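Shown next: protein-v2.cif, containing mmCIF, C-alpha atoms.
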```
data_run
#
loop_
_atom_site.group_PDB
_atom_site.id
_atom_site.type_symbol
_atom_site.label_atom_id
_atom_site.label_comp_id
_atom_site.auth_asym_id
_atom_site.auth_seq_id
_atom_site.Cartn_x
_atom_site.Cartn_y
_atom_site.Cartn_z
ATOM 1 C CA MET O 1 91.100 79.860 121.006
ATOM 2 C CA VAL O 2 94.503 78.640 119.827
ATOM 3 C CA ARG O 3 94.375 76.617 116.666
ATOM 4 C CA VAL O 4 97.152 74.279 115.682
ATOM 5 C CA PHE O 5 97.991 74.464 112.005
ATOM 6 C CA ARG O 6 98.961 70.930 111.284
ATOM 7 C CA GLY O 7 95.952 69.545 109.504
ATOM 8 C CA GLU O 8 95.646 69.511 105.750
ATOM 9 C CA ASN O 9 92.155 71.001 105.984
ATOM 10 C CA MET O 10 93.439 73.958 107.949
ATOM 11 C CA ILE O 11 96.140 74.664 105.376
ATOM 12 C CA ASN O 12 93.625 74.316 102.557
ATOM 13 C CA GLU O 13 91.380 76.795 104.352
ATOM 14 C CA THR O 14 94.333 79.205 104.691
ATOM 15 C CA PHE O 15 95.067 78.887 100.971
ATOM 16 C CA ASN O 16 91.406 79.447 100.110
ATOM 17 C CA ARG O 17 91.337 82.495 102.338
ATOM 18 C CA LEU O 18 94.543 83.871 100.800
ATOM 19 C CA SER O 19 93.198 83.220 97.341
ATOM 20 C CA ARG O 20 89.872 84.989 98.071
ATOM 21 C CA GLU O 21 91.583 87.954 99.686
ATOM 22 C CA MET O 22 94.086 88.369 96.869
ATOM 23 C CA ARG O 23 91.313 88.128 94.276
ATOM 24 C CA SER O 24 89.272 90.711 96.161
ATOM 25 C CA PHE O 25 92.187 93.107 96.458
ATOM 26 C CA ASN O 26 93.062 92.675 92.796
ATOM 27 C CA SER O 27 89.443 93.509 91.884
ATOM 28 C CA LEU O 28 89.626 96.561 94.117
ATOM 29 C CA ILE O 29 92.732 97.837 92.308
ATOM 30 C CA LEU O 30 91.018 97.133 88.968
ATOM 31 C CA MET O 31 87.943 99.089 90.051
ATOM 32 C CA ASN O 32 90.214 101.912 91.083
ATOM 33 C CA ILE O 33 92.028 101.903 87.741
ATOM 34 C CA ALA O 34 88.730 101.775 85.819
ATOM 35 C CA GLY O 35 87.394 104.705 87.874
ATOM 36 C CA ALA O 36 90.567 106.707 87.301
ATOM 37 C CA GLY O 37 90.520 105.894 83.564
ATOM 38 C CA LEU O 38 86.895 106.975 83.185
ATOM 39 C CA ALA O 39 87.612 110.130 85.180
ATOM 40 C CA VAL O 40 90.553 111.014 82.898
ATOM 41 C CA ALA O 41 88.400 110.325 79.807
ATOM 42 C CA ARG O 42 85.620 112.496 81.180
ATOM 43 C CA GLY O 43 88.111 115.273 81.954
ATOM 44 C CA ILE O 44 89.555 115.161 78.426
ATOM 45 C CA SER O 45 86.080 115.321 76.851
ATOM 46 C CA PHE O 46 85.314 118.338 79.069
ATOM 47 C CA ILE O 47 88.536 120.065 77.945
ATOM 48 C CA VAL O 48 87.828 119.404 74.263
ATOM 49 C CA ARG O 49 84.260 120.701 74.627
ATOM 50 C CA ASN O 50 85.486 123.933 76.205
ATOM 51 C CA VAL O 51 88.444 124.468 73.880
ATOM 52 C CA HIS O 52 86.234 124.144 70.812
ATOM 53 C CA PRO O 53 84.421 127.532 71.219
ATOM 54 C CA MET O 54 87.788 129.274 71.642
ATOM 55 C CA VAL O 55 89.136 127.677 68.465
ATOM 56 C CA ALA O 56 85.967 128.684 66.594
ATOM 57 C CA ALA O 57 86.157 132.274 67.897
ATOM 58 C CA ARG O 58 89.975 132.394 67.426
ATOM 59 C CA MET O 59 90.369 134.167 70.748
ATOM 60 C CA ILE O 60 90.697 133.353 74.412
ATOM 61 C CA LEU O 61 87.323 133.194 76.131
ATOM 62 C CA TRP O 62 88.207 133.609 79.780
ATOM 63 C CA PRO O 63 85.406 131.613 81.438
ATOM 64 C CA GLU O 64 86.191 128.611 79.199
ATOM 65 C CA ALA O 65 89.947 129.139 79.546
ATOM 66 C CA ILE O 66 89.699 129.093 83.350
ATOM 67 C CA MET O 67 87.569 125.933 83.274
ATOM 68 C CA VAL O 68 90.028 124.266 80.873
ATOM 69 C CA GLY O 69 92.905 125.190 83.192
ATOM 70 C CA ALA O 70 91.094 123.715 86.188
ATOM 71 C CA ALA O 71 90.176 120.587 84.222
ATOM 72 C CA LEU O 72 93.802 120.187 83.064
ATOM 73 C CA ALA O 73 95.007 120.347 86.658
ATOM 74 C CA GLY O 74 92.319 117.833 87.656
ATOM 75 C CA CYS O 75 93.271 115.562 84.750
ATOM 76 C CA ALA O 76 96.939 115.642 85.767
ATOM 77 C CA LEU O 77 95.968 114.526 89.279
ATOM 78 C CA MET O 78 93.635 111.830 87.970
ATOM 79 C CA PHE O 79 96.337 110.620 85.588
ATOM 80 C CA ARG O 80 98.744 110.348 88.530
ATOM 81 C CA TRP O 81 96.045 108.369 90.351
ATOM 82 C CA LEU O 82 95.674 106.083 87.332
ATOM 83 C CA ILE O 83 99.444 105.466 87.092
ATOM 84 C CA MET O 84 99.686 104.794 90.829
ATOM 85 C CA GLY O 85 96.903 102.211 90.577
ATOM 86 C CA ALA O 86 98.578 100.557 87.575
ATOM 87 C CA GLU O 87 101.922 100.387 89.398
ATOM 88 C CA MET O 88 100.255 98.868 92.438
ATOM 89 C CA MET O 89 98.526 96.272 90.281
ATOM 90 C CA ASP O 90 101.797 95.395 88.546
ATOM 91 C CA GLU O 91 103.546 94.800 91.882
ATOM 92 C CA TYR O 92 100.587 92.876 93.258
ATOM 93 C CA GLN O 93 100.786 90.558 90.241
ATOM 94 C CA ASP O 94 104.260 89.533 91.471
ATOM 95 C CA VAL O 95 102.753 88.615 94.846
ATOM 96 C CA ARG O 96 99.966 86.628 93.175
ATOM 97 C CA GLU O 97 102.400 84.833 90.884
ATOM 98 C CA GLY O 98 104.488 83.976 93.951
ATOM 99 C CA ALA O 99 101.575 81.801 95.014
ATOM 100 C CA SER O 100 102.627 79.101 92.576
ATOM 101 C CA GLY O 101 103.897 76.314 94.817
ATOM 102 C CA HIS O 102 106.781 75.905 97.227
ATOM 103 C CA GLU O 103 109.363 73.171 97.241
ATOM 104 C CA ASN O 104 109.221 72.933 101.064
ATOM 105 C CA GLY O 105 105.545 72.093 101.310
ATOM 106 C CA ALA O 106 102.126 73.653 101.687
ATOM 107 C CA GLU O 107 102.630 75.182 105.138
ATOM 108 C CA ASP O 108 105.763 77.056 104.076
ATOM 109 C CA SER O 109 104.095 78.089 100.856
ATOM 110 C CA ALA O 110 101.144 79.591 102.752
ATOM 111 C CA THR O 111 103.503 81.314 105.209
ATOM 112 C CA GLU O 112 105.515 82.757 102.339
ATOM 113 C CA LEU O 113 102.374 84.175 100.776
ATOM 114 C CA ILE O 114 101.408 85.785 104.083
ATOM 115 C CA VAL O 115 104.882 87.323 104.417
ATOM 116 C CA GLN O 116 104.714 88.580 100.817
ATOM 117 C CA ASN O 117 101.296 90.162 101.378
ATOM 118 C CA MET O 118 102.568 91.821 104.547
ATOM 119 C CA ALA O 119 105.638 93.171 102.752
ATOM 120 C CA PHE O 120 103.398 94.464 99.954
ATOM 121 C CA TYR O 121 101.125 96.174 102.441
ATOM 122 C CA ARG O 122 104.046 97.811 104.294
ATOM 123 C CA ASP O 123 105.361 99.073 100.932
ATOM 124 C CA HIS O 124 102.053 100.486 99.723
ATOM 125 C CA ARG O 125 100.431 101.753 102.881
ATOM 126 C CA GLU O 126 101.177 105.375 101.974
ATOM 127 C CA SER O 127 100.191 105.046 98.307
ATOM 128 C CA MET O 128 96.851 103.652 99.457
ATOM 129 C CA GLY O 129 96.293 106.918 101.315
ATOM 130 C CA SER O 130 96.866 108.790 98.029
ATOM 131 C CA LEU O 131 94.524 106.452 96.143
ATOM 132 C CA ILE O 132 91.847 106.995 98.777
ATOM 133 C CA LEU O 133 92.281 110.767 98.542
ATOM 134 C CA GLY O 134 92.224 110.713 94.723
ATOM 135 C CA SER O 135 89.127 108.548 94.744
ATOM 136 C CA ARG O 136 87.331 110.783 97.240
ATOM 137 C CA ILE O 137 88.125 114.007 95.364
ATOM 138 C CA THR O 138 87.009 112.498 92.058
ATOM 139 C CA GLY O 139 83.887 111.032 93.670
ATOM 140 C CA ALA O 140 82.961 114.384 95.191
ATOM 141 C CA PHE O 141 83.608 116.147 91.869
ATOM 142 C CA PHE O 142 81.343 113.768 89.949
ATOM 143 C CA LEU O 143 78.601 113.846 92.579
ATOM 144 C CA VAL O 144 78.581 117.674 92.490
ATOM 145 C CA THR O 145 78.555 117.551 88.669
ATOM 146 C CA ALA O 146 75.621 115.096 88.783
ATOM 147 C CA ALA O 147 73.730 117.332 91.237
ATOM 148 C CA LEU O 148 74.266 120.340 88.968
ATOM 149 C CA GLN O 149 72.899 118.403 85.983
ATOM 150 C CA VAL O 150 69.694 117.206 87.658
ATOM 151 C CA GLN O 151 67.667 120.234 86.537
ATOM 152 C CA TYR O 152 68.901 119.895 82.940
ATOM 153 C CA VAL O 153 68.165 116.149 82.884
ATOM 154 C CA VAL O 154 64.627 116.716 84.193
ATOM 155 C CA SER O 155 64.004 119.388 81.554
ATOM 156 C CA VAL O 156 65.216 117.110 78.722
ATOM 157 C CA LEU O 157 63.111 114.216 80.030
ATOM 158 C CA GLY O 158 60.085 116.497 80.019
ATOM 159 C CA SER O 159 60.484 118.088 76.614
ATOM 160 C CA GLY O 160 63.241 116.379 74.530
ATOM 161 C CA SER O 161 63.006 113.532 72.067
ATOM 162 C CA ALA O 162 63.333 109.920 73.260
ATOM 163 C CA PHE O 163 66.813 109.649 71.708
ATOM 164 C CA GLU O 164 67.956 112.865 73.373
ATOM 165 C CA ALA O 165 66.500 111.762 76.718
ATOM 166 C CA ALA O 166 68.235 108.371 76.489
ATOM 167 C CA PHE O 167 71.539 110.032 75.573
ATOM 168 C CA VAL O 168 71.321 112.544 78.452
ATOM 169 C CA LEU O 169 70.274 109.818 80.902
ATOM 170 C CA LEU O 170 73.232 107.673 79.879
ATOM 171 C CA GLY O 171 75.690 110.507 80.479
ATOM 172 C CA PHE O 172 74.034 111.378 83.779
ATOM 173 C CA SER O 173 74.115 107.737 84.937
ATOM 174 C CA LEU O 174 77.814 107.473 84.107
ATOM 175 C CA ILE O 175 78.605 110.581 86.155
ATOM 176 C CA LEU O 176 76.475 109.323 89.050
ATOM 177 C CA ILE O 177 78.130 105.878 88.980
ATOM 178 C CA LEU O 178 81.597 107.467 88.944
ATOM 179 C CA GLY O 179 80.609 109.648 91.888
ATOM 180 C CA LEU O 180 79.241 106.747 93.911
ATOM 181 C CA ALA O 181 82.243 104.554 93.039
ATOM 182 C CA GLY O 182 84.559 107.369 94.122
ATOM 183 C CA VAL O 183 82.857 107.411 97.506
ATOM 184 C CA TYR O 184 82.591 103.621 97.871
ATOM 185 C CA ILE O 185 86.122 102.576 96.797
ATOM 186 C CA PRO O 186 87.855 104.381 99.721
ATOM 187 C CA ARG O 187 85.630 102.431 102.134
ATOM 188 C CA LEU O 188 86.912 99.176 100.634
ATOM 189 C CA PHE O 189 90.513 100.371 100.873
ATOM 190 C CA ARG O 190 89.903 101.285 104.517
ATOM 191 C CA ARG O 191 88.570 97.778 105.139
ATOM 192 C CA TYR O 192 91.684 96.297 103.531
ATOM 193 C CA GLU O 193 93.873 98.577 105.655
ATOM 194 C CA ALA O 194 92.036 97.605 108.846
ATOM 195 C CA THR O 195 92.503 93.897 108.079
ATOM 196 C CA TRP O 196 96.243 94.215 107.442
ATOM 197 C CA ASP O 197 96.911 96.775 110.178
ATOM 198 C CA ARG O 198 95.608 94.266 112.694
ATOM 199 C CA ARG O 199 97.825 91.546 111.245
ATOM 200 C CA LEU O 200 100.869 93.826 111.275
ATOM 201 C CA GLN O 201 100.184 94.701 114.877
ATOM 202 C CA GLU O 202 99.954 91.026 115.785
ATOM 203 C CA SER O 203 103.140 90.303 113.832
ATOM 204 C CA THR O 204 104.936 92.838 116.040
ATOM 205 C CA GLU O 205 103.865 90.811 119.068
ATOM 206 C CA ALA O 206 104.988 87.618 117.320
ATOM 207 C CA GLU O 207 108.366 89.258 116.672
ATOM 208 C CA LYS O 208 108.928 89.725 120.384
ATOM 209 C CA LYS O 209 108.431 86.008 120.932
ATOM 210 C CA LEU O 210 110.705 85.174 117.996
ATOM 211 C CA GLY O 211 113.338 87.537 119.389
ATOM 212 C CA GLU O 212 113.194 85.760 122.741
ATOM 213 C CA LEU O 213 113.499 82.438 120.948
ATOM 214 C CA LEU O 214 116.586 83.626 119.043
ATOM 215 C CA GLU O 215 118.198 85.002 122.203
ATOM 216 C CA GLY O 216 117.531 81.752 124.025
ATOM 217 C CA SER O 217 119.077 79.671 121.255
ATOM 218 C CA SER O 218 122.636 81.037 121.517
ATOM 219 C CA MET J 1 110.707 88.139 97.689
ATOM 220 C CA LYS J 2 110.555 91.943 97.535
ATOM 221 C CA GLY J 3 109.136 94.641 99.775
ATOM 222 C CA LYS J 4 109.647 95.808 103.312
ATOM 223 C CA ARG J 5 110.251 92.777 105.503
ATOM 224 C CA THR J 6 111.168 92.525 109.137
ATOM 225 C CA LEU J 7 114.446 90.991 110.255
ATOM 226 C CA TYR J 8 112.716 87.790 111.354
ATOM 227 C CA GLU J 9 110.869 87.493 108.060
ATOM 228 C CA ILE J 10 114.218 87.727 106.231
ATOM 229 C CA TYR J 11 115.773 85.123 108.545
ATOM 230 C CA TRP J 12 112.796 82.828 107.953
ATOM 231 C CA GLU J 13 113.121 83.283 104.206
ATOM 232 C CA ILE J 14 116.860 82.530 104.183
ATOM 233 C CA LEU J 15 116.431 79.478 106.401
ATOM 234 C CA THR J 16 113.508 78.100 104.390
ATOM 235 C CA PHE J 17 115.394 78.625 101.145
ATOM 236 C CA CYS J 18 118.518 76.952 102.527
ATOM 237 C CA ARG J 19 116.759 73.690 103.376
ATOM 238 C CA THR J 20 118.323 72.766 100.078
ATOM 239 C CA PRO J 21 122.039 73.751 100.041
ATOM 240 C CA ARG J 22 122.545 77.167 98.420
ATOM 241 C CA THR J 23 125.371 79.469 97.419
ATOM 242 C CA PHE J 24 125.672 82.970 98.849
ATOM 243 C CA THR J 25 124.759 84.484 95.462
ATOM 244 C CA SER J 26 121.591 82.438 95.101
ATOM 245 C CA ILE J 27 120.498 83.376 98.640
ATOM 246 C CA ILE J 28 120.904 87.125 98.156
ATOM 247 C CA HIS J 29 119.248 86.895 94.749
ATOM 248 C CA ARG J 30 116.265 84.916 96.044
ATOM 249 C CA CYS J 31 115.818 87.079 99.134
ATOM 250 C CA SER J 32 116.403 90.402 97.279
ATOM 251 C CA LEU J 33 119.256 91.451 99.562
ATOM 252 C CA ASN J 34 122.351 93.439 98.709
ATOM 253 C CA SER J 35 125.713 91.797 99.286
ATOM 254 C CA ASP J 36 126.553 93.588 102.563
ATOM 255 C CA ILE J 37 123.154 93.038 104.160
ATOM 256 C CA GLY J 38 123.122 89.436 102.943
ATOM 257 C CA GLN J 39 126.557 88.863 104.465
ATOM 258 C CA GLU J 40 125.371 90.346 107.753
ATOM 259 C CA HIS J 41 122.219 88.189 107.977
ATOM 260 C CA ILE J 42 123.922 84.996 106.870
ATOM 261 C CA GLY J 43 126.770 85.699 109.314
ATOM 262 C CA PHE J 44 124.245 86.081 112.130
ATOM 263 C CA LEU J 45 122.491 82.807 111.241
ATOM 264 C CA LEU J 46 125.842 80.997 110.959
ATOM 265 C CA GLY J 47 126.785 82.399 114.369
ATOM 266 C CA LYS J 48 123.547 81.084 115.854
ATOM 267 C CA GLY J 49 124.207 77.700 114.357
ATOM 268 C CA PHE J 50 121.004 77.911 112.276
ATOM 269 C CA LEU J 51 123.021 77.678 109.073
ATOM 270 C CA SER J 52 126.089 75.626 108.325
ATOM 271 C CA ARG J 53 128.606 76.370 105.593
ATOM 272 C CA TYR J 54 130.551 73.727 103.722
ATOM 273 C CA GLU J 55 132.405 73.331 100.463
ATOM 274 C CA ASP J 56 131.184 71.031 97.754
ATOM 275 C CA GLU J 57 132.939 70.715 94.408
ATOM 276 C CA GLY J 58 134.539 74.130 94.825
ATOM 277 C CA ALA J 59 131.268 75.863 95.745
ATOM 278 C CA ASN J 60 130.580 77.348 99.174
ATOM 279 C CA LEU J 61 127.158 76.082 100.195
ATOM 280 C CA HIS J 62 124.853 77.041 103.067
ATOM 281 C CA ARG J 63 122.412 74.643 104.614
ATOM 282 C CA THR J 64 119.798 75.063 107.341
ATOM 283 C CA THR J 65 120.583 72.999 110.432
ATOM 284 C CA ASP J 66 118.240 71.154 112.802
ATOM 285 C CA LYS J 67 118.916 73.863 115.379
ATOM 286 C CA ALA J 68 116.820 76.265 113.274
ATOM 287 C CA ARG J 69 113.752 74.051 113.447
ATOM 288 C CA PRO J 70 112.165 75.592 116.593
ATOM 289 C CA PHE J 71 112.513 79.066 115.047
ATOM 290 C CA LEU J 72 111.057 77.969 111.698
ATOM 291 C CA ASP J 73 108.175 76.083 113.339
ATOM 292 C CA SER J 74 107.321 78.950 115.692
ATOM 293 C CA PHE J 75 107.500 81.512 112.909
ATOM 294 C CA ARG J 76 105.208 79.473 110.663
ATOM 295 C CA GLU J 77 102.662 78.751 113.376
ATOM 296 C CA MET J 78 102.569 82.364 114.568
ATOM 297 C CA TYR J 79 102.100 83.755 111.069
ATOM 298 C CA LEU J 80 99.458 81.215 110.083
ATOM 299 C CA GLU J 81 97.685 81.889 113.363
ATOM 300 C CA LEU J 82 97.710 85.677 113.061
ATOM 301 C CA TYR J 83 96.574 85.467 109.453
ATOM 302 C CA ASN J 84 93.649 83.169 110.152
ATOM 303 C CA ARG J 85 92.514 84.989 113.262
ATOM 304 C CA GLY J 86 90.075 87.855 112.753
ATOM 305 C CA PRO J 87 87.886 88.875 109.834
ATOM 306 C CA GLU J 88 88.784 88.237 106.234
ATOM 307 C CA PHE J 89 89.015 91.029 103.647
ATOM 308 C CA LYS J 90 86.168 90.750 101.160
ATOM 309 C CA LEU J 91 84.659 93.127 98.619
#
```
Could you write out this file's structure as structure tokens?
Amino acid sequence: MVRVFRGENMINETFNRLSREMRSFNSLILMNIAGAGLAVARGISFIVRNVHPMVAARMILWPEAIMVGAALAGCALMFRWLIMGAEMMDEYQDVREGASGHENGAEDSATELIVQNMAFYRDHRESMGSLILGSRITGAFFLVTAALQVQYVVSVLGSGSAFEAAFVLLGFSLILILGLAGVYIPRLFRRYEATWDRRLQESTEAEKKLGELLEGSS
Amino acid sequence: MKGKRTLYEIYWEILTFCRTPRTFTSIIHRCSLNSDIGQEHIGFLLGKGFLSRYEDEGANLHRTTDKARPFLDSFREMYLELYNRGPEFKL
């Protein structure tokens, strides 16, 4: 069905759609940043906990040293993930702020927003792949960590004090949430990619028609 | 506007911006183009008759002509159509 975009209602619907999509994508980047931030915090707490015995013993304890090394490498990757998310959010803010009116009218304003979102997507397509990878690795790491802690959590719930049980449960829940978020966020990014890939593909077809129009106008 | 844009998106942007007469500097600034690329695109649009150049109080101004209207209308309708077609991205 071919719709003609002349009516005010249609343009309002386009603006509403753009607004919802931009809000959703902004929330997705925020979720990603929050996940990365929590992952970095968790990594740092792990490093501190494992460095402490070495400081107390005043010697290098190899099992702890190896774990600290691995955690440092993981933290560096997660920090990169965090920075990438923050940069993406900063640039997306420019797109969102560009939504503030257009001197040539509502239709041009909506078209400009579409073009800006397309340009943003073309620019960040590859970084999204890195964010997805970072999110998946972190999610897998936290899910494995949660699985390894199940036995300990069950033992504390069975024999520890109520305060200890609540404390352990809180930590376990945080790890589980981070793991699940790490698995879920890439699915949302994939959905965003699928939506914009289709639009980019259709814009390539539109370009052919525009090219013909330009050639015919000379 | 920043980011990777196609040639037609840049043409559309220049032509929309020049509905009000603009100087070369303001066009390349608004459309985030360097001087050489800006010159090339504006030259192409002038050649097509989509832009006209005239002097006003010592300033060289560019203005979109009526000849550009079919291109602008088609571009807008195609982009609005492709955006509205298909599923929306939601969390």
Using 10 Å as the limit and counting all atoms listed in the file, can you tabulate each residue of chain J that touches chain O, with its shortest atom-to-atom distance in Å and the two atoms involved, as JSON lines?
```
{"residue": "J:Met1", "atom": "CA", "partner": "O:Gln116", "partner_atom": "CA", "distance": 6.8}
{"residue": "J:Lys2", "atom": "CA", "partner": "O:Ala119", "partner_atom": "CA", "distance": 7.3}
{"residue": "J:Gly3", "atom": "CA", "partner": "O:Ala119", "partner_atom": "CA", "distance": 4.8}
{"residue": "J:Lys4", "atom": "CA", "partner": "O:Ala119", "partner_atom": "CA", "distance": 4.8}
{"residue": "J:Arg5", "atom": "CA", "partner": "O:Ala119", "partner_atom": "CA", "distance": 5.4}
{"residue": "J:Thr6", "atom": "CA", "partner": "O:Ala119", "partner_atom": "CA", "distance": 8.5}
{"residue": "J:Leu7", "atom": "CA", "partner": "O:Glu207", "partner_atom": "CA", "distance": 9.0}
{"residue": "J:Tyr8", "atom": "CA", "partner": "O:Glu207", "partner_atom": "CA", "distance": 7.0}
{"residue": "J:Glu9", "atom": "CA", "partner": "O:Val115", "partner_atom": "CA", "distance": 7.0}
{"residue": "J:Ile10", "atom": "CA", "partner": "O:Val115", "partner_atom": "CA", "distance": 9.5}
{"residue": "J:Trp12", "atom": "CA", "partner": "O:Glu112", "partner_atom": "CA", "distance": 9.2}
{"residue": "J:Glu13", "atom": "CA", "partner": "O:Glu112", "partner_atom": "CA", "distance": 7.8}
{"residue": "J:Thr16", "atom": "CA", "partner": "O:Asn104", "partner_atom": "CA", "distance": 7.5}
{"residue": "J:Phe17", "atom": "CA", "partner": "O:Asn104", "partner_atom": "CA", "distance": 8.4}
{"residue": "J:Arg19", "atom": "CA", "partner": "O:Asn104", "partner_atom": "CA", "distance": 7.9}
{"residue": "J:Thr20", "atom": "CA", "partner": "O:Asn104", "partner_atom": "CA", "distance": 9.2}
{"residue": "J:Leu45", "atom": "CA", "partner": "O:Leu214", "partner_atom": "CA", "distance": 9.8}
{"residue": "J:Gly47", "atom": "CA", "partner": "O:Ser218", "partner_atom": "CA", "distance": 8.4}
{"residue": "J:Lys48", "atom": "CA", "partner": "O:Ser218", "partner_atom": "CA", "distance": 5.7}
{"residue": "J:Gly49", "atom": "CA", "partner": "O:Ser218", "partner_atom": "CA", "distance": 8.1}
{"residue": "J:Phe50", "atom": "CA", "partner": "O:Ser217", "partner_atom": "CA", "distance": 9.4}
{"residue": "J:Lys67", "atom": "CA", "partner": "O:Ser217", "partner_atom": "CA", "distance": 8.3}
{"residue": "J:Ala68", "atom": "CA", "partner": "O:Ser217", "partner_atom": "CA", "distance": 9.0}
{"residue": "J:Pro70", "atom": "CA", "partner": "O:Leu213", "partner_atom": "CA", "distance": 8.2}
{"residue": "J:Phe71", "atom": "CA", "partner": "O:Leu213", "partner_atom": "CA", "distance": 6.9}
{"residue": "J:Leu72", "atom": "CA", "partner": "O:Asp108", "partner_atom": "CA", "distance": 9.3}
{"residue": "J:Asp73", "atom": "CA", "partner": "O:Asp108", "partner_atom": "CA", "distance": 9.6}
{"residue": "J:Ser74", "atom": "CA", "partner": "O:Leu210", "partner_atom": "CA", "distance": 7.4}
{"residue": "J:Phe75", "atom": "CA", "partner": "O:Leu210", "partner_atom": "CA", "distance": 7.0}
{"residue": "J:Arg76", "atom": "CA", "partner": "O:Thr111", "partner_atom": "CA", "distance": 6.0}
{"residue": "J:Glu77", "atom": "CA", "partner": "O:Phe5", "partner_atom": "CA", "distance": 6.5}
{"residue": "J:Met78", "atom": "CA", "partner": "O:Ala206", "partner_atom": "CA", "distance": 6.4}
{"residue": "J:Tyr79", "atom": "CA", "partner": "O:Thr111", "partner_atom": "CA", "distance": 6.5}
{"residue": "J:Leu80", "atom": "CA", "partner": "O:Thr111", "partner_atom": "CA", "distance": 6.3}
{"residue": "J:Glu81", "atom": "CA", "partner": "O:Arg3", "partner_atom": "CA", "distance": 7.0}
{"residue": "J:Leu82", "atom": "CA", "partner": "O:Arg199", "partner_atom": "CA", "distance": 6.1}
{"residue": "J:Tyr83", "atom": "CA", "partner": "O:Arg199", "partner_atom": "CA", "distance": 6.5}
{"residue": "J:Asn84", "atom": "CA", "partner": "O:Thr14", "partner_atom": "CA", "distance": 6.8}
{"residue": "J:Arg85", "atom": "CA", "partner": "O:Arg199", "partner_atom": "CA", "distance": 8.7}
{"residue": "J:Gly86", "atom": "CA", "partner": "O:Thr195", "partner_atom": "CA", "distance": 8.0}
{"residue": "J:Pro87", "atom": "CA", "partner": "O:Thr195", "partner_atom": "CA", "distance": 7.0}
{"residue": "J:Glu88", "atom": "CA", "partner": "O:Thr195", "partner_atom": "CA", "distance": 7.0}
{"residue": "J:Phe89", "atom": "CA", "partner": "O:Glu21", "partner_atom": "CA", "distance": 5.6}
{"residue": "J:Lys90", "atom": "CA", "partner": "O:Ser24", "partner_atom": "CA", "distance": 5.9}
{"residue": "J:Leu91", "atom": "CA", "partner": "O:Ser24", "partner_atom": "CA", "distance": 5.8}
```
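Going from atom CA of Val168 of chain O to atom CA of Leu143 of chain O covers 15.9 Å.
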Q. Just how far from atom CA of Met84 of chain O is atom CA of Arg125 of chain O, in Å to one decimal?
A. 12.5 Å
Show me, as lines of an AutoDock Vina configuration file, the centre and edge lengths in Å to one decimal of the axis-aligned box that covers every listed atom of segment 66-75 of chain J with 6 Å on each side.
```
center_x = 113.1
center_y = 76.3
center_z = 114.1
size_x = 23.6
size_y = 22.4
size_z = 16.9
```
Q) For this file, the PyMOL selection byres ((chain J and resi 60) around 10) selects which residues, as a VMD selection string? A) chain J and resid 21 to 25 53 to 59 61 to 62
(Q) Between atom CA of Met67 of chain O and atom CA of Ile175 of chain O, what distance in Å does the model show, to one decimal? (A)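 Going from atom CA of Met67 of chain O over to atom CA of Ile175 of chain O, I get 18.0 Å.
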Q: Run the PyMOL selection byres ((chain O and resi 69) around 12) on the file and write out the hits as a list in words.
A: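 Residues picked by the PyMOL selection byres ((chain O and resi 69) around 12): Gly43, Ile44, Phe46, Ile47, Val48, Asn50, Val51, Trp62, Pro63, Glu64, Ala65, Ile66, Met67, Val68, Ala70, Ala71, Leu72, Ala73, Gly74, Cys75 and Ala76 of chain O.
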Q: Choose the residue, out of O:Met59, O:Ala181, O:Leu82, O:Leu131, that has the smallest atom-to-atom separation from Ala41 of chain O; count all atoms listed in the file.
A: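 Using all atoms listed in the file, the shortest distance to Ala41 of chain O belongs to O:Leu82.
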(Q) Using only C-alpha atoms and a cutoff of 9 Å, can you tell me which residues are near (92.4, 105.4, 91.5) in the file's coordinates, and write them out as a PyMOL selection string? (A) chain O and resi 29-37+78-86+130-135+138+182+185
Q: Using only C-alpha atoms, determine which residues lie at most 10 Å from Ala147 of chain O, disregarding the query and same-chain residues fewer than 4 positions distant; provide the list as an MDAnalysis selection string.
A: chainID O and resid 141:143 151:152 172 175:176
Kindly reconstruct segment 18-25 of chain J with N, CA and C atoms and present the result as a PDB file, keeping the file's coordinate frame.
```
ATOM      1  N   CYS J  18     117.296  77.758 102.374  1.00  0.00           N
ATOM      2  CA  CYS J  18     118.518  76.952 102.527  1.00  0.00           C
ATOM      3  C   CYS J  18     118.253  75.537 103.048  1.00  0.00           C
ATOM      4  N   ARG J  19     117.006  75.103 103.031  1.00  0.00           N
ATOM      5  CA  ARG J  19     116.759  73.690 103.376  1.00  0.00           C
ATOM      6  C   ARG J  19     117.436  72.807 102.329  1.00  0.00           C
ATOM      7  N   THR J  20     117.501  73.388 101.113  1.00  0.00           N
ATOM      8  CA  THR J  20     118.323  72.766 100.078  1.00  0.00           C
ATOM      9  C   THR J  20     119.611  73.598 100.038  1.00  0.00           C
ATOM     10  N   PRO J  21     120.795  72.974 100.009  1.00  0.00           N
ATOM     11  CA  PRO J  21     122.039  73.751 100.041  1.00  0.00           C
ATOM     12  C   PRO J  21     122.100  74.823  98.945  1.00  0.00           C
ATOM     13  N   ARG J  22     122.531  76.024  99.352  1.00  0.00           N
ATOM     14  CA  ARG J  22     122.545  77.167  98.420  1.00  0.00           C
ATOM     15  C   ARG J  22     123.846  77.939  98.510  1.00  0.00           C
ATOM     16  N   THR J  23     124.191  78.590  97.400  1.00  0.00           N
ATOM     17  CA  THR J  23     125.371  79.469  97.419  1.00  0.00           C
ATOM     18  C   THR J  23     124.942  80.843  97.945  1.00  0.00           C
ATOM     19  N   PHE J  24     125.940  81.626  98.347  1.00  0.00           N
ATOM     20  CA  PHE J  24     125.672  82.970  98.849  1.00  0.00           C
ATOM     21  C   PHE J  24     124.920  83.802  97.788  1.00  0.00           C
ATOM     22  N   THR J  25     125.380  83.708  96.545  1.00  0.00           N
ATOM     23  CA  THR J  25     124.759  84.484  95.462  1.00  0.00           C
ATOM     24  C   THR J  25     123.288  84.125  95.281  1.00  0.00           C
TER      25      THR J  25
END
```
